[in-house]
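Heads up, run35.cif below (mmCIF, C-alpha atoms and all ligand atoms):
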data_my_file
#
loop_
_atom_site.label_atom_id
_atom_site.label_comp_id
_atom_site.auth_asym_id
_atom_site.auth_seq_id
_atom_site.Cartn_x
_atom_site.Cartn_y
_atom_site.Cartn_z
CA MET A 1 62.69 115.03 -40.91
CA GLU A 2 59.99 114.84 -38.24
CA ARG A 3 57.50 117.68 -38.51
CA LEU A 4 56.55 119.24 -35.18
CA LEU A 5 53.19 120.82 -34.52
CA GLY A 6 52.27 124.30 -33.28
CA ALA A 7 49.11 124.41 -31.15
CA TYR A 8 47.07 127.60 -30.91
CA ILE A 9 44.30 128.06 -28.37
CA SER A 10 41.94 131.00 -28.82
CA VAL A 11 40.40 132.54 -25.70
CA PRO A 12 37.81 135.08 -26.85
CA PHE A 13 37.11 136.91 -23.60
CA CYS A 14 38.17 140.43 -22.71
CA ARG A 15 37.65 142.59 -19.69
CA ALA A 16 36.68 145.59 -21.81
CA LYS A 17 36.35 146.24 -25.51
CA CYS A 18 39.06 148.28 -27.22
CA SER A 19 37.51 151.10 -29.24
CA TYR A 20 38.98 149.89 -32.56
CA CYS A 21 38.03 146.22 -32.15
CA ASN A 22 34.97 144.28 -33.12
CA PHE A 23 36.32 140.80 -32.50
CA ALA A 24 33.63 138.34 -31.46
CA SER A 25 34.89 138.27 -27.89
CA GLY A 26 32.73 138.12 -24.78
CA VAL A 27 33.25 141.08 -22.43
CA LEU A 28 33.48 140.04 -18.84
CA GLY A 29 32.77 142.17 -15.80
CA MET A 30 35.46 141.84 -13.15
CA GLY A 31 35.43 141.32 -9.42
CA ALA A 32 36.90 143.94 -7.11
CA SER A 33 39.87 141.72 -6.34
CA GLY A 34 41.39 142.49 -9.70
CA ASP A 35 42.16 138.83 -10.10
CA GLY A 36 41.29 138.18 -13.71
CA ALA A 37 40.41 134.60 -13.13
CA SER A 38 38.08 134.80 -10.21
CA GLY A 39 36.42 138.02 -11.35
CA ALA A 40 35.70 136.76 -14.81
CA GLY A 41 34.48 133.45 -13.47
CA ALA A 42 32.13 135.19 -11.06
CA SER A 43 30.50 137.31 -13.76
CA GLU A 44 29.93 134.73 -16.46
CA PRO A 45 30.79 131.33 -15.06
CA GLY A 46 28.56 129.40 -17.41
CA ARG A 47 29.84 130.69 -20.72
CA MET A 48 33.53 130.62 -19.85
CA GLU A 49 33.25 127.14 -18.38
CA ARG A 50 31.36 125.85 -21.38
CA TYR A 51 33.96 127.39 -23.62
CA VAL A 52 36.84 125.62 -21.85
CA GLU A 53 34.89 122.37 -22.00
CA ARG A 54 34.31 122.82 -25.75
CA VAL A 55 37.97 123.57 -26.43
CA CYS A 56 39.01 120.47 -24.46
CA ALA A 57 36.54 118.41 -26.50
CA GLU A 58 37.87 119.90 -29.72
CA ILE A 59 41.43 119.03 -28.72
CA GLY A 60 40.23 115.51 -27.98
CA SER A 61 38.80 115.16 -31.49
CA ALA A 62 41.87 116.54 -33.32
CA ARG A 63 42.99 113.11 -34.57
CA GLU A 64 39.56 112.26 -35.87
CA ARG A 65 39.34 115.62 -37.61
CA ALA A 66 42.76 115.20 -39.25
CA ALA A 67 41.86 111.69 -40.43
CA GLU A 68 38.60 113.00 -41.88
CA LEU A 69 40.60 115.57 -43.86
CA ARG A 70 43.29 112.99 -44.77
CA ALA A 71 45.83 115.35 -43.22
CA GLU A 72 49.07 114.54 -41.44
CA LEU A 73 48.82 115.46 -37.77
CA PRO A 74 52.22 115.41 -36.04
CA GLY A 75 52.13 113.76 -32.62
CA ARG A 76 54.66 116.11 -31.06
CA VAL A 77 53.98 119.76 -30.22
CA ASP A 78 56.91 122.14 -29.83
CA THR A 79 55.02 125.45 -29.59
CA VAL A 80 51.83 126.32 -27.75
CA TYR A 81 50.25 129.76 -28.08
CA PHE A 82 47.28 131.05 -26.11
CA GLY A 83 45.88 134.04 -28.01
CA GLY A 84 42.72 136.06 -27.84
CA GLY A 85 40.97 137.97 -26.54
CA THR A 86 42.71 137.85 -23.20
CA PRO A 87 43.75 134.30 -22.27
CA SER A 88 45.23 135.49 -18.96
CA LEU A 89 41.63 135.92 -17.74
CA LEU A 90 41.18 132.15 -17.48
CA GLY A 91 41.32 130.66 -14.00
CA ALA A 92 44.04 128.30 -12.77
CA GLU A 93 41.77 125.26 -12.91
CA GLN A 94 40.65 126.11 -16.44
CA MET A 95 44.26 126.39 -17.56
CA ARG A 96 45.03 123.06 -15.91
CA ARG A 97 42.25 121.38 -17.86
CA LEU A 98 43.33 122.87 -21.18
CA PHE A 99 46.93 121.74 -20.67
CA ALA A 100 45.76 118.29 -19.56
CA ALA A 101 43.67 117.98 -22.74
CA LEU A 102 46.62 119.05 -24.86
CA ARG A 103 49.09 116.75 -23.13
CA GLY A 104 46.57 113.93 -23.27
CA GLU A 105 46.46 114.09 -27.07
CA PHE A 106 49.97 115.23 -27.95
CA GLU A 107 53.46 114.85 -26.65
CA VAL A 108 54.46 118.40 -25.69
CA SER A 109 58.27 118.66 -26.00
CA ALA A 110 60.16 119.44 -22.82
CA ASP A 111 61.64 122.53 -24.49
CA ALA A 112 58.37 123.68 -26.09
CA GLU A 113 57.80 127.42 -26.36
CA ILE A 114 54.61 128.13 -24.39
CA THR A 115 53.25 131.65 -24.85
CA ILE A 116 50.32 133.33 -23.13
CA GLU A 117 48.93 136.64 -24.37
CA CYS A 118 48.21 138.89 -21.45
CA ALA A 119 46.65 142.30 -20.90
CA PRO A 120 48.87 144.08 -18.36
CA GLY A 121 47.39 143.72 -14.88
CA GLN A 122 44.97 140.99 -15.94
CA MET A 123 46.60 137.78 -14.82
CA GLY A 124 45.62 136.80 -11.30
CA ASP A 125 48.28 135.37 -8.96
CA GLU A 126 46.69 131.94 -8.88
CA THR A 127 46.56 131.71 -12.68
CA PHE A 128 50.11 133.02 -12.95
CA GLU A 129 51.51 130.47 -10.51
CA GLU A 130 49.63 127.66 -12.18
CA LEU A 131 50.88 128.72 -15.61
CA LEU A 132 54.46 128.67 -14.34
CA ARG A 133 53.89 125.13 -13.08
CA LEU A 134 52.35 124.16 -16.42
CA GLY A 135 55.42 125.33 -18.34
CA MET A 136 54.58 128.85 -19.56
CA ASN A 137 57.90 130.38 -20.62
CA ARG A 138 56.84 133.30 -22.82
CA VAL A 139 54.41 136.15 -22.27
CA SER A 140 53.11 138.57 -24.87
CA PHE A 141 51.73 141.81 -23.42
CA GLY A 142 49.10 143.79 -25.29
CA VAL A 143 50.58 147.14 -24.31
CA GLN A 144 49.73 149.04 -27.54
CA SER A 145 51.00 152.33 -26.03
CA PHE A 146 53.20 153.24 -23.08
CA VAL A 147 51.59 156.70 -23.10
CA ASP A 148 48.76 156.52 -20.57
CA ALA A 149 46.39 158.98 -22.25
CA GLU A 150 46.64 157.08 -25.57
CA ALA A 151 46.08 153.69 -23.98
CA ARG A 152 43.10 155.04 -22.06
CA ALA A 153 41.64 156.66 -25.17
CA VAL A 154 41.26 153.29 -26.91
CA GLY A 155 39.90 151.55 -23.82
CA ARG A 156 43.02 149.80 -22.52
CA MET A 157 42.87 149.52 -18.74
CA HIS A 158 46.56 149.78 -17.91
CA THR A 159 49.15 152.49 -17.32
CA ARG A 160 52.83 152.52 -18.20
CA ALA A 161 53.66 151.88 -14.53
CA MET A 162 51.46 148.76 -14.54
CA CYS A 163 53.12 147.47 -17.72
CA LEU A 164 56.60 147.91 -16.29
CA ALA A 165 55.55 146.28 -13.01
CA GLU A 166 54.16 143.31 -14.98
CA ILE A 167 57.38 142.91 -16.92
CA ALA A 168 59.32 142.95 -13.63
CA ARG A 169 56.89 140.38 -12.16
CA MET A 170 57.51 138.00 -15.08
CA ARG A 171 61.27 138.37 -14.85
CA ALA A 172 61.27 137.83 -11.09
CA ALA A 173 59.52 134.51 -11.77
CA GLY A 174 62.12 133.54 -14.39
CA VAL A 175 60.11 134.34 -17.54
CA GLU A 176 62.61 136.13 -19.77
CA GLU A 177 60.88 135.70 -23.13
CA ILE A 178 58.63 138.73 -23.12
CA ASN A 179 56.98 140.50 -26.02
CA VAL A 180 55.27 143.86 -26.04
CA ASP A 181 52.77 144.73 -28.76
CA LEU A 182 52.71 148.37 -29.85
CA ILE A 183 50.26 149.98 -32.27
CA VAL A 184 51.32 152.74 -34.62
CA GLY A 185 48.62 155.24 -35.62
CA LEU A 186 46.44 155.19 -32.48
CA PRO A 187 44.06 158.11 -31.92
CA ARG A 188 45.82 161.01 -30.18
CA GLN A 189 49.24 159.55 -31.01
CA THR A 190 51.80 162.10 -32.23
CA ALA A 191 55.24 161.57 -33.72
CA ALA A 192 56.71 162.49 -30.30
CA SER A 193 54.42 160.22 -28.27
CA TRP A 194 55.15 157.33 -30.66
CA ARG A 195 58.87 157.87 -30.10
CA GLU A 196 58.21 157.80 -26.36
CA SER A 197 56.36 154.47 -26.56
CA VAL A 198 59.03 152.82 -28.69
CA ASP A 199 61.77 154.20 -26.42
CA VAL A 200 60.13 152.75 -23.31
CA GLY A 201 59.77 149.43 -25.17
CA ILE A 202 63.49 149.49 -25.90
CA GLU A 203 64.59 150.72 -22.47
CA CYS A 204 62.62 148.12 -20.57
CA GLY A 205 64.88 145.58 -22.29
CA VAL A 206 62.30 143.05 -23.47
CA PRO A 207 63.76 140.79 -26.17
CA HIS A 208 60.76 140.98 -28.52
CA VAL A 209 58.59 143.84 -29.79
CA SER A 210 55.70 143.65 -32.28
CA VAL A 211 54.65 146.79 -34.13
CA TYR A 212 51.24 146.74 -35.78
CA MET A 213 49.61 149.44 -37.86
CA LEU A 214 46.23 150.42 -36.43
CA GLU A 215 43.46 148.42 -38.03
CA VAL A 216 40.05 149.83 -37.33
CA ASP A 217 37.10 147.50 -37.73
CA GLU A 218 34.37 149.56 -39.36
CA ASP A 219 31.81 148.11 -36.98
CA SER A 220 33.85 149.07 -33.92
CA ARG A 221 33.07 152.22 -31.94
CA LEU A 222 36.07 154.00 -33.43
CA GLY A 223 35.27 152.77 -36.93
CA ARG A 224 31.69 154.04 -36.76
CA GLU A 225 32.92 157.34 -35.43
CA MET A 226 35.46 157.70 -38.22
CA LEU A 227 32.71 157.17 -40.76
CA ALA A 228 30.48 159.71 -39.00
CA HIS A 229 33.34 162.20 -38.37
CA GLY A 230 32.71 162.14 -34.62
CA THR A 231 35.17 163.04 -31.85
CA ARG A 232 34.38 160.94 -28.77
CA TYR A 233 36.97 158.19 -29.39
CA GLY A 234 39.52 160.43 -31.06
CA ALA A 235 38.64 159.55 -34.67
CA GLU A 236 39.67 163.03 -35.77
CA SER A 237 43.19 162.45 -34.43
CA VAL A 238 43.90 159.11 -36.13
CA ALA A 239 47.10 159.53 -38.13
CA SER A 240 46.95 159.58 -41.92
CA GLU A 241 48.32 156.61 -43.86
CA ASP A 242 51.46 158.55 -44.73
CA GLU A 243 52.09 159.59 -41.12
CA THR A 244 51.53 156.02 -39.97
CA ALA A 245 53.97 154.72 -42.58
CA GLU A 246 56.59 157.28 -41.50
CA ARG A 247 56.22 156.32 -37.85
CA TYR A 248 56.48 152.62 -38.69
CA ALA A 249 59.67 153.24 -40.69
CA ALA A 250 61.12 155.30 -37.84
CA ALA A 251 60.34 152.52 -35.33
CA CYS A 252 62.15 149.99 -37.55
CA GLU A 253 65.26 152.21 -37.37
CA TRP A 254 65.09 152.89 -33.62
CA LEU A 255 64.56 149.23 -32.76
CA GLU A 256 67.33 148.02 -35.05
CA ALA A 257 69.73 150.66 -33.72
CA SER A 258 69.17 149.19 -30.26
CA GLY A 259 69.74 145.58 -31.36
CA VAL A 260 66.08 144.56 -31.61
CA MET A 261 66.22 143.39 -35.20
CA GLN A 262 63.31 143.15 -37.57
CA TYR A 263 62.70 139.55 -38.66
CA GLU A 264 59.19 139.91 -40.07
CA ILE A 265 57.06 142.82 -41.25
CA SER A 266 55.60 143.41 -37.77
CA ASN A 267 58.08 141.59 -35.56
CA PHE A 268 61.41 142.53 -34.01
CA ALA A 269 63.62 140.53 -31.67
CA ARG A 270 67.05 140.32 -30.16
CA LYS A 271 68.94 137.46 -31.78
CA GLY A 272 67.61 134.06 -30.74
CA HIS A 273 64.38 135.48 -29.25
CA GLU A 274 62.11 135.28 -32.31
CA SER A 275 58.67 133.79 -31.71
CA ARG A 276 59.05 130.12 -32.67
CA HIS A 277 55.30 129.70 -32.90
CA ASN A 278 54.66 132.60 -35.26
CA VAL A 279 57.60 131.64 -37.47
CA LYS A 280 55.72 128.40 -38.18
CA TYR A 281 52.99 130.40 -39.95
CA TRP A 282 55.44 132.05 -42.32
CA ARG A 283 57.40 128.86 -42.98
CA ARG A 284 54.24 126.86 -43.61
CA GLU A 285 54.94 124.44 -40.81
CA PRO A 286 51.89 122.58 -39.46
CA TYR A 287 49.71 124.10 -36.77
CA VAL A 288 46.30 123.43 -35.35
CA GLY A 289 44.08 126.09 -33.82
CA PHE A 290 41.46 125.27 -31.20
CA GLY A 291 38.64 127.55 -30.16
CA LEU A 292 36.69 130.42 -31.63
CA ASP A 293 37.84 131.63 -35.04
CA ALA A 294 41.03 129.56 -34.74
CA HIS A 295 42.78 128.56 -37.94
CA SER A 296 44.74 125.45 -38.85
CA MET A 297 47.06 124.21 -41.55
CA LEU A 298 48.24 120.64 -41.92
CA ARG A 299 50.23 118.99 -44.67
CA CYS A 300 48.79 116.16 -46.71
CA GLY A 301 51.14 114.55 -49.19
CA GLU A 302 52.52 117.26 -51.44
CA GLY A 303 49.73 119.64 -50.58
CA ALA A 304 48.11 121.02 -47.48
CA VAL A 305 44.72 121.72 -46.02
CA ARG A 306 43.65 124.89 -44.22
CA TRP A 307 40.50 125.44 -42.22
CA GLY A 308 39.06 127.97 -39.85
CA ASN A 309 36.61 127.54 -36.99
CA THR A 310 33.45 129.54 -36.77
CA SER A 311 33.69 133.11 -35.45
CA ASP A 312 30.23 132.81 -33.88
CA LEU A 313 30.64 132.15 -30.16
CA GLU A 314 27.19 130.65 -29.70
CA LYS A 315 27.72 128.28 -32.62
CA TYR A 316 31.08 127.28 -31.19
CA LEU A 317 29.61 126.64 -27.76
CA ALA A 318 26.95 124.51 -29.39
CA GLY A 319 29.67 122.29 -30.83
CA ARG A 320 29.30 123.52 -34.41
CA GLU A 321 32.80 124.85 -34.84
CA GLN A 322 33.48 123.00 -38.08
CA GLY A 323 31.67 121.93 -41.21
CA THR A 324 31.53 118.22 -41.85
CA VAL A 325 33.65 117.33 -44.82
CA THR A 326 32.96 114.01 -46.48
CA PRO A 327 35.49 112.40 -48.83
CA ALA A 328 33.27 113.21 -51.82
CA SER A 329 33.15 116.92 -51.07
CA GLN A 330 36.68 117.45 -49.81
CA ASP A 331 38.25 118.66 -52.99
CA ARG A 332 35.50 121.07 -54.00
CA SER A 333 36.07 124.71 -53.49
CA PRO A 334 33.85 126.24 -50.80
CA GLY A 335 30.43 127.13 -52.08
CA THR A 336 30.39 124.71 -55.02
CA PRO A 337 27.01 122.93 -55.06
CA THR A 338 27.45 119.21 -54.63
CA GLY A 339 23.99 118.23 -55.87
CA ASN A 340 23.31 116.66 -52.52
CA ARG A 341 20.99 118.66 -50.36
CA GLU A 342 22.55 117.77 -47.03
CA GLN A 343 25.96 118.45 -48.46
CA ASP A 344 24.87 121.77 -49.88
CA GLU A 345 23.49 122.83 -46.54
CA LEU A 346 26.76 121.91 -44.92
CA ARG A 347 28.54 123.76 -47.66
CA LEU A 348 26.56 126.91 -46.89
CA PHE A 349 27.43 126.46 -43.25
CA ALA A 350 31.02 125.81 -44.26
CA VAL A 351 31.32 129.32 -45.72
CA ASP A 352 32.29 130.30 -42.19
CA PRO A 353 34.29 127.27 -41.05
CA GLU A 354 35.84 126.96 -44.45
CA VAL A 355 38.05 124.07 -45.53
CA GLU A 356 40.50 124.84 -48.28
CA ARG A 357 42.65 122.32 -50.11
CA ILE A 358 46.03 123.72 -51.05
CA GLY A 359 47.45 122.24 -54.23
CA LEU A 360 50.88 122.74 -55.72
CA GLU A 361 50.19 126.11 -57.36
CA ARG A 362 48.49 127.63 -54.33
CA GLY A 363 51.19 126.15 -52.08
CA PHE A 364 53.83 127.84 -54.18
CA GLU A 365 52.10 131.23 -53.90
CA GLU A 366 51.78 130.82 -50.15
CA ALA A 367 55.44 129.84 -49.80
CA MET A 368 56.42 133.01 -51.69
CA PHE A 369 54.15 135.46 -49.93
CA LEU A 370 54.45 134.07 -46.42
CA GLY A 371 58.22 133.62 -46.83
CA LEU A 372 58.67 137.16 -48.12
CA ARG A 373 57.08 138.52 -44.94
CA MET A 374 60.26 137.44 -43.18
CA ASN A 375 63.41 139.53 -43.54
CA GLU A 376 65.46 136.48 -44.46
CA GLY A 377 63.18 136.11 -47.51
CA ILE A 378 62.81 133.00 -49.64
CA ASP A 379 65.34 130.60 -51.09
CA LEU A 380 64.43 130.37 -54.78
CA GLU A 381 66.46 127.17 -55.23
CA ALA A 382 64.61 125.46 -52.41
CA LEU A 383 61.28 126.59 -53.91
CA ARG A 384 62.29 125.25 -57.31
CA ALA A 385 63.16 121.90 -55.72
CA GLU A 386 59.86 121.75 -53.85
CA PHE A 387 57.45 123.09 -56.49
CA GLY A 388 59.16 122.45 -59.83
CA ALA A 389 60.78 124.54 -62.57
CA GLU A 390 57.53 125.42 -64.36
CA LEU A 391 55.89 127.32 -61.50
CA MET A 392 59.23 128.86 -60.65
CA GLY A 393 59.71 130.09 -64.23
CA GLY A 394 56.44 132.08 -64.19
CA ALA A 395 57.32 133.66 -60.88
CA VAL A 396 60.84 134.68 -61.88
CA ALA A 397 59.43 136.70 -64.80
CA ALA A 398 56.99 138.46 -62.45
CA LEU A 399 59.75 139.12 -59.93
CA SER A 400 61.94 141.08 -62.32
CA ASP A 401 59.34 143.86 -62.46
CA VAL A 402 59.21 144.38 -58.68
CA GLU A 403 62.98 143.96 -58.51
CA GLU A 404 63.46 146.80 -61.00
CA ALA A 405 61.12 148.93 -58.89
CA GLY A 406 63.47 148.39 -55.92
CA LEU A 407 60.87 146.52 -53.87
CA VAL A 408 62.75 143.20 -53.67
CA GLU A 409 66.44 142.34 -53.78
CA ARG A 410 68.47 139.17 -54.35
CA GLU A 411 71.50 137.72 -52.67
CA GLY A 412 72.61 134.43 -54.22
CA SER A 413 69.50 132.29 -54.45
CA TRP A 414 67.74 134.28 -51.72
CA LEU A 415 65.15 136.90 -52.47
CA ARG A 416 63.82 139.36 -49.91
CA LEU A 417 61.75 142.51 -49.65
CA THR A 418 63.73 145.74 -49.40
CA ALA A 419 62.88 148.21 -46.62
CA ARG A 420 60.73 150.07 -49.16
CA GLY A 421 59.09 146.80 -50.25
CA ARG A 422 58.13 146.03 -46.64
CA MET A 423 56.32 149.38 -46.45
CA VAL A 424 54.09 148.38 -49.37
CA SER A 425 54.19 144.62 -48.95
CA ASN A 426 50.54 144.10 -49.85
CA GLU A 427 51.07 145.92 -53.12
CA VAL A 428 54.15 143.79 -53.88
CA PHE A 429 52.25 140.58 -53.14
CA SER A 430 49.30 141.52 -55.31
CA ARG A 431 51.58 142.57 -58.19
CA LEU A 432 53.39 139.25 -57.97
CA LEU A 433 50.15 137.33 -57.75
CA VAL A 434 48.54 139.04 -60.73
CA GLU A 435 51.61 138.86 -62.95
CA ALA A 436 52.57 135.30 -62.01
CA THR A 437 49.13 133.99 -62.92
CA VAL A 438 48.55 135.97 -66.14
S1 LIG B 501 42.09 142.92 -26.16
FE1 LIG B 501 42.19 142.39 -28.34
S2 LIG B 501 40.35 141.10 -28.69
FE2 LIG B 501 40.06 142.17 -26.72
S3 LIG B 501 38.87 143.99 -27.24
FE3 LIG B 501 41.06 144.59 -27.27
S4 LIG B 501 41.74 144.30 -29.40
FE4 LIG B 501 39.77 143.23 -29.16
#

Please express what this file holds, its structure, as C-alpha cells.
Ligand code: SF4
Amino acid sequence: MERLLGAYISVPFCRAKCSYCNFASGVLGMGASGDGASGAGASEPGRMERYVERVCAEIGSARERAAELRAELPGRVDTVYFGGGTPSLLGAEQMRRLFAALRGEFEVSADAEITIECAPGQMGDETFEELLRLGMNRVSFGVQSFVDAEARAVGRMHTRAMCLAEIARMRAAGVEEINVDLIVGLPRQTAASWRESVDVGIECGVPHVSVYMLEVDEDSRLGREMLAHGTRYGAESVASEDETAERYAAACEWLEASGVMQYEISNFARKGHESRHNVKYWRREPYVGFGLDAHSMLRCGEGAVRWGNTSDLEKYLAGREQGTVTPASQDRSPGTPTGNREQDELRLFAVDPEVERIGLERGFEEAMFLGLRMNEGIDLEALRAEFGAELMGGAVAALSDVEEAGLVEREGSWLRLTARGRMVSNEVFSRLLVEATV
C-alpha cells in the first residue's frame, strides 16, 4: 500500500509571549492595523523573510536529506500542518512561497487536510484569503481559555467574543474543520471557570477540541515565579496536580456527553473530524517537519529514522538546521565518538539536531506507546505480525501487571488504556517499558 506523507511546517513567531512558555520563538511587534502579516513584517522584516527563505530551501533539499539517511520519502503528501508559534502571522506572499516550495517537491493530494494554527484575531484578511486560495481547510485556534481574565493572565491577547467571531469568520468562508485548544490548570482557573470554558467550546459547535494539561517551562516567567513563590503571573493560583486531573476527567465526560468523543489522550472530535495529520504521529506513519525544532520520522526498510532540527533560531537561519550524517556514522547512537575529529565535532553538534535510527525493538516500543495514546488502542495480532512473536511475548508478560491494576483492558486482540490508565498514561508507559526490557 502506498504510504502518504504528512508535512509539518514550524513558524516560530508570536505576537506576545505566553507567561508559561519559553519556546524559542521570536516575538514580533505589531502594526496598528491589527493585520498579523503586515504588522509582523514591518517590525522584523529581515528575520521573518530569511526564515521563510530557509524553510523553502529546506523543503527543496528534502529528497537529498532522505537519500543521505537512506530513508523512504513518499512523493505524495496528504496532510499539511502549519504549527508554531503563530503561523497565521505570516504574510500572504510568504504563505504563497511556502506552498509553492511544497508543491514543487511533492504532489499534494487534492483532498489533503491543510491545517493552520492561529491565535484568535491574528490572521490578517490578506493572509486569510490567500490561505483559502491555497487550500487551507482546517484551522486550529489557540484559545486556551474562553474566560477573558484567565486568557489575559497568561498573556493571550484575545477575548471570548474575538474567538467566537473568528470561528464564525472561518465558517462563513466554508472552513468547517475547526479545533479549539483549551488548557486545564491555568493560573486563576477554578472548577467553575473550567466548566465555563469547556461549555463554550461545546456550545460553539466546533467539531474538534484539544485539552492539554498546563505545562510550565521552568525558564518561563510563570515558571520562575512558581519557583520563587511570586504572585504577579498568578503562580499561587495554579491548580494542584490532583485538581488538574479532576478537571481533565470532568472535561472528558462533558465532551463525550455532547458527542465530542475522545480519540487520543488530549484530543476529542465528532465522528469523522479527527485530525488526520496528528493521527499519523500515533500510527507511526511518515512525516517530515520543516523549520525550527521540527521533527521528522521516515521509514527505512523494516526500521525507521527520526530526527529533529535545531531549536536555535540563529543556527537555523544560518542554514545549520541539521547535522551531517555520513554512511559510516549513521548507525551510531548520538554522542558515540567516531574516532574521526570532524565527525566527532558534528556529533557534538548533532546532540541538538539528533538523528536516531529505530530498529525492530525500539519500533515495537514506539508502536505500543504511541498506539496506546489513542482510544482505539493497539491490535496485538497486528503487532505480532509486524514485530515477531519474541518481542510480543516479553510485552504480554509486562501487560498482565498493568491489566490487573485496571489501567489497560482487552477486547479480542485489541488492547487499550482504561479511563484511569489515560489519567496516568506516563506511569503506565514507563511500567511497561521497564518490565518489558528487564
Ligand atoms: S503562542 Fe505558543 S509558542 Fe507562542 S508564546 Fe504562546 S505558547 Fe509559546

Please determine the residues with any atom at most 12 Å from (45.0, 156.6, -25.0) (coordinates as given in the file, with only C-alpha atoms counting) and report them as a PDB file with C-alpha atoms, in the coordinates of the input.
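Saved to part_10.pdb:
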ATOM      1  CA  CYS A  18      39.060 148.280 -27.220  1.00  0.00           C
ATOM      2  CA  SER A  19      37.510 151.100 -29.240  1.00  0.00           C
ATOM      3  CA  TYR A  20      38.980 149.890 -32.560  1.00  0.00           C
ATOM      4  CA  VAL A 143      50.580 147.140 -24.310  1.00  0.00           C
ATOM      5  CA  GLN A 144      49.730 149.040 -27.540  1.00  0.00           C
ATOM      6  CA  SER A 145      51.000 152.330 -26.030  1.00  0.00           C
ATOM      7  CA  PHE A 146      53.200 153.240 -23.080  1.00  0.00           C
ATOM      8  CA  VAL A 147      51.590 156.700 -23.100  1.00  0.00           C
ATOM      9  CA  ASP A 148      48.760 156.520 -20.570  1.00  0.00           C
ATOM     10  CA  ALA A 149      46.390 158.980 -22.250  1.00  0.00           C
ATOM     11  CA  GLU A 150      46.640 157.080 -25.570  1.00  0.00           C
ATOM     12  CA  ALA A 151      46.080 153.690 -23.980  1.00  0.00           C
ATOM     13  CA  ARG A 152      43.100 155.040 -22.060  1.00  0.00           C
ATOM     14  CA  ALA A 153      41.640 156.660 -25.170  1.00  0.00           C
ATOM     15  CA  VAL A 154      41.260 153.290 -26.910  1.00  0.00           C
ATOM     16  CA  GLY A 155      39.900 151.550 -23.820  1.00  0.00           C
ATOM     17  CA  ARG A 156      43.020 149.800 -22.520  1.00  0.00           C
ATOM     18  CA  MET A 157      42.870 149.520 -18.740  1.00  0.00           C
ATOM     19  CA  HIS A 158      46.560 149.780 -17.910  1.00  0.00           C
ATOM     20  CA  THR A 159      49.150 152.490 -17.320  1.00  0.00           C
ATOM     21  CA  ARG A 160      52.830 152.520 -18.200  1.00  0.00           C
ATOM     22  CA  ILE A 183      50.260 149.980 -32.270  1.00  0.00           C
ATOM     23  CA  GLY A 185      48.620 155.240 -35.620  1.00  0.00           C
ATOM     24  CA  LEU A 186      46.440 155.190 -32.480  1.00  0.00           C
ATOM     25  CA  PRO A 187      44.060 158.110 -31.920  1.00  0.00           C
ATOM     26  CA  ARG A 188      45.820 161.010 -30.180  1.00  0.00           C
ATOM     27  CA  GLN A 189      49.240 159.550 -31.010  1.00  0.00           C
ATOM     28  CA  THR A 190      51.800 162.100 -32.230  1.00  0.00           C
ATOM     29  CA  SER A 193      54.420 160.220 -28.270  1.00  0.00           C
ATOM     30  CA  TRP A 194      55.150 157.330 -30.660  1.00  0.00           C
ATOM     31  CA  SER A 197      56.360 154.470 -26.560  1.00  0.00           C
ATOM     32  CA  TYR A 233      36.970 158.190 -29.390  1.00  0.00           C
ATOM     33  CA  GLY A 234      39.520 160.430 -31.060  1.00  0.00           C
ATOM     34  CA  ALA A 235      38.640 159.550 -34.670  1.00  0.00           C
ATOM     35  CA  SER A 237      43.190 162.450 -34.430  1.00  0.00           C
ATOM     36  CA  VAL A 238      43.900 159.110 -36.130  1.00  0.00           C
TER      37      VAL A 238
END

Chain A residues near ligand LIG 501 (chain B) within 10 Å, closest pair each, using all atoms listed in the file, as a Markdown table:
| residue | atom | partner | partner_atom | distance |
| --- | --- | --- | --- | --- |
| A:Val11 | CA | B:LIG501 | S2 | 9.1 |
| A:Pro12 | CA | B:LIG501 | S2 | 6.8 |
| A:Phe13 | CA | B:LIG501 | FE2 | 6.8 |
| A:Cys14 | CA | B:LIG501 | FE2 | 4.8 |
| A:Arg15 | CA | B:LIG501 | FE2 | 7.4 |
| A:Ala16 | CA | B:LIG501 | S3 | 6.1 |
| A:Lys17 | CA | B:LIG501 | S3 | 3.8 |
| A:Cys18 | CA | B:LIG501 | FE3 | 4.2 |
| A:Ser19 | CA | B:LIG501 | S3 | 7.5 |
| A:Tyr20 | CA | B:LIG501 | S4 | 7.0 |
| A:Cys21 | CA | B:LIG501 | FE4 | 4.6 |
| A:Asn22 | CA | B:LIG501 | FE4 | 6.3 |
| A:Phe23 | CA | B:LIG501 | FE4 | 5.4 |
| A:Ala24 | CA | B:LIG501 | S2 | 7.8 |
| A:Ser25 | CA | B:LIG501 | S2 | 6.2 |
| A:Gly26 | CA | B:LIG501 | FE2 | 8.6 |
| A:Val27 | CA | B:LIG501 | S3 | 7.9 |
| A:Gly83 | CA | B:LIG501 | S2 | 9.0 |
| A:Gly84 | CA | B:LIG501 | S2 | 5.6 |
| A:Gly85 | CA | B:LIG501 | S2 | 3.8 |
| A:Thr86 | CA | B:LIG501 | S1 | 5.9 |
| A:Pro87 | CA | B:LIG501 | S1 | 9.6 |
| A:Glu117 | CA | B:LIG501 | S1 | 9.5 |
| A:Cys118 | CA | B:LIG501 | S1 | 8.7 |
| A:Ala119 | CA | B:LIG501 | S1 | 7.0 |
| A:Gly142 | CA | B:LIG501 | S1 | 7.1 |
| A:Val143 | CA | B:LIG501 | S1 | 9.7 |
| A:Gln144 | CA | B:LIG501 | S4 | 9.5 |
| A:Val154 | CA | B:LIG501 | FE3 | 8.7 |
| A:Gly155 | CA | B:LIG501 | FE3 | 7.9 |
| A:Arg156 | CA | B:LIG501 | FE3 | 7.3 |
| A:Met157 | CA | B:LIG501 | S1 | 10.0 |
| A:Glu215 | CA | B:LIG501 | S4 | 9.7 |
| A:Val216 | CA | B:LIG501 | S4 | 9.8 |
| A:Asp217 | CA | B:LIG501 | FE4 | 9.9 |
| A:Ser220 | CA | B:LIG501 | FE4 | 9.6 |

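Going from atom CA of Met136 of chain A over to atom CA of Ile114 of chain A, you cover 4.9 Å.
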
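Using all atoms listed in the file for every distance, the candidate list A:Phe369, A:Glu93, A:Leu360, A:Asn137 yields A:Phe369 as the residue closest to Glu427 of chain A.
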
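Comparing A:Glu236, A:Glu274, A:Glu356, A:Glu409 by their smallest distance to Arg299 of chain A, the closest is A:Glu356 (using all atoms listed in the file).
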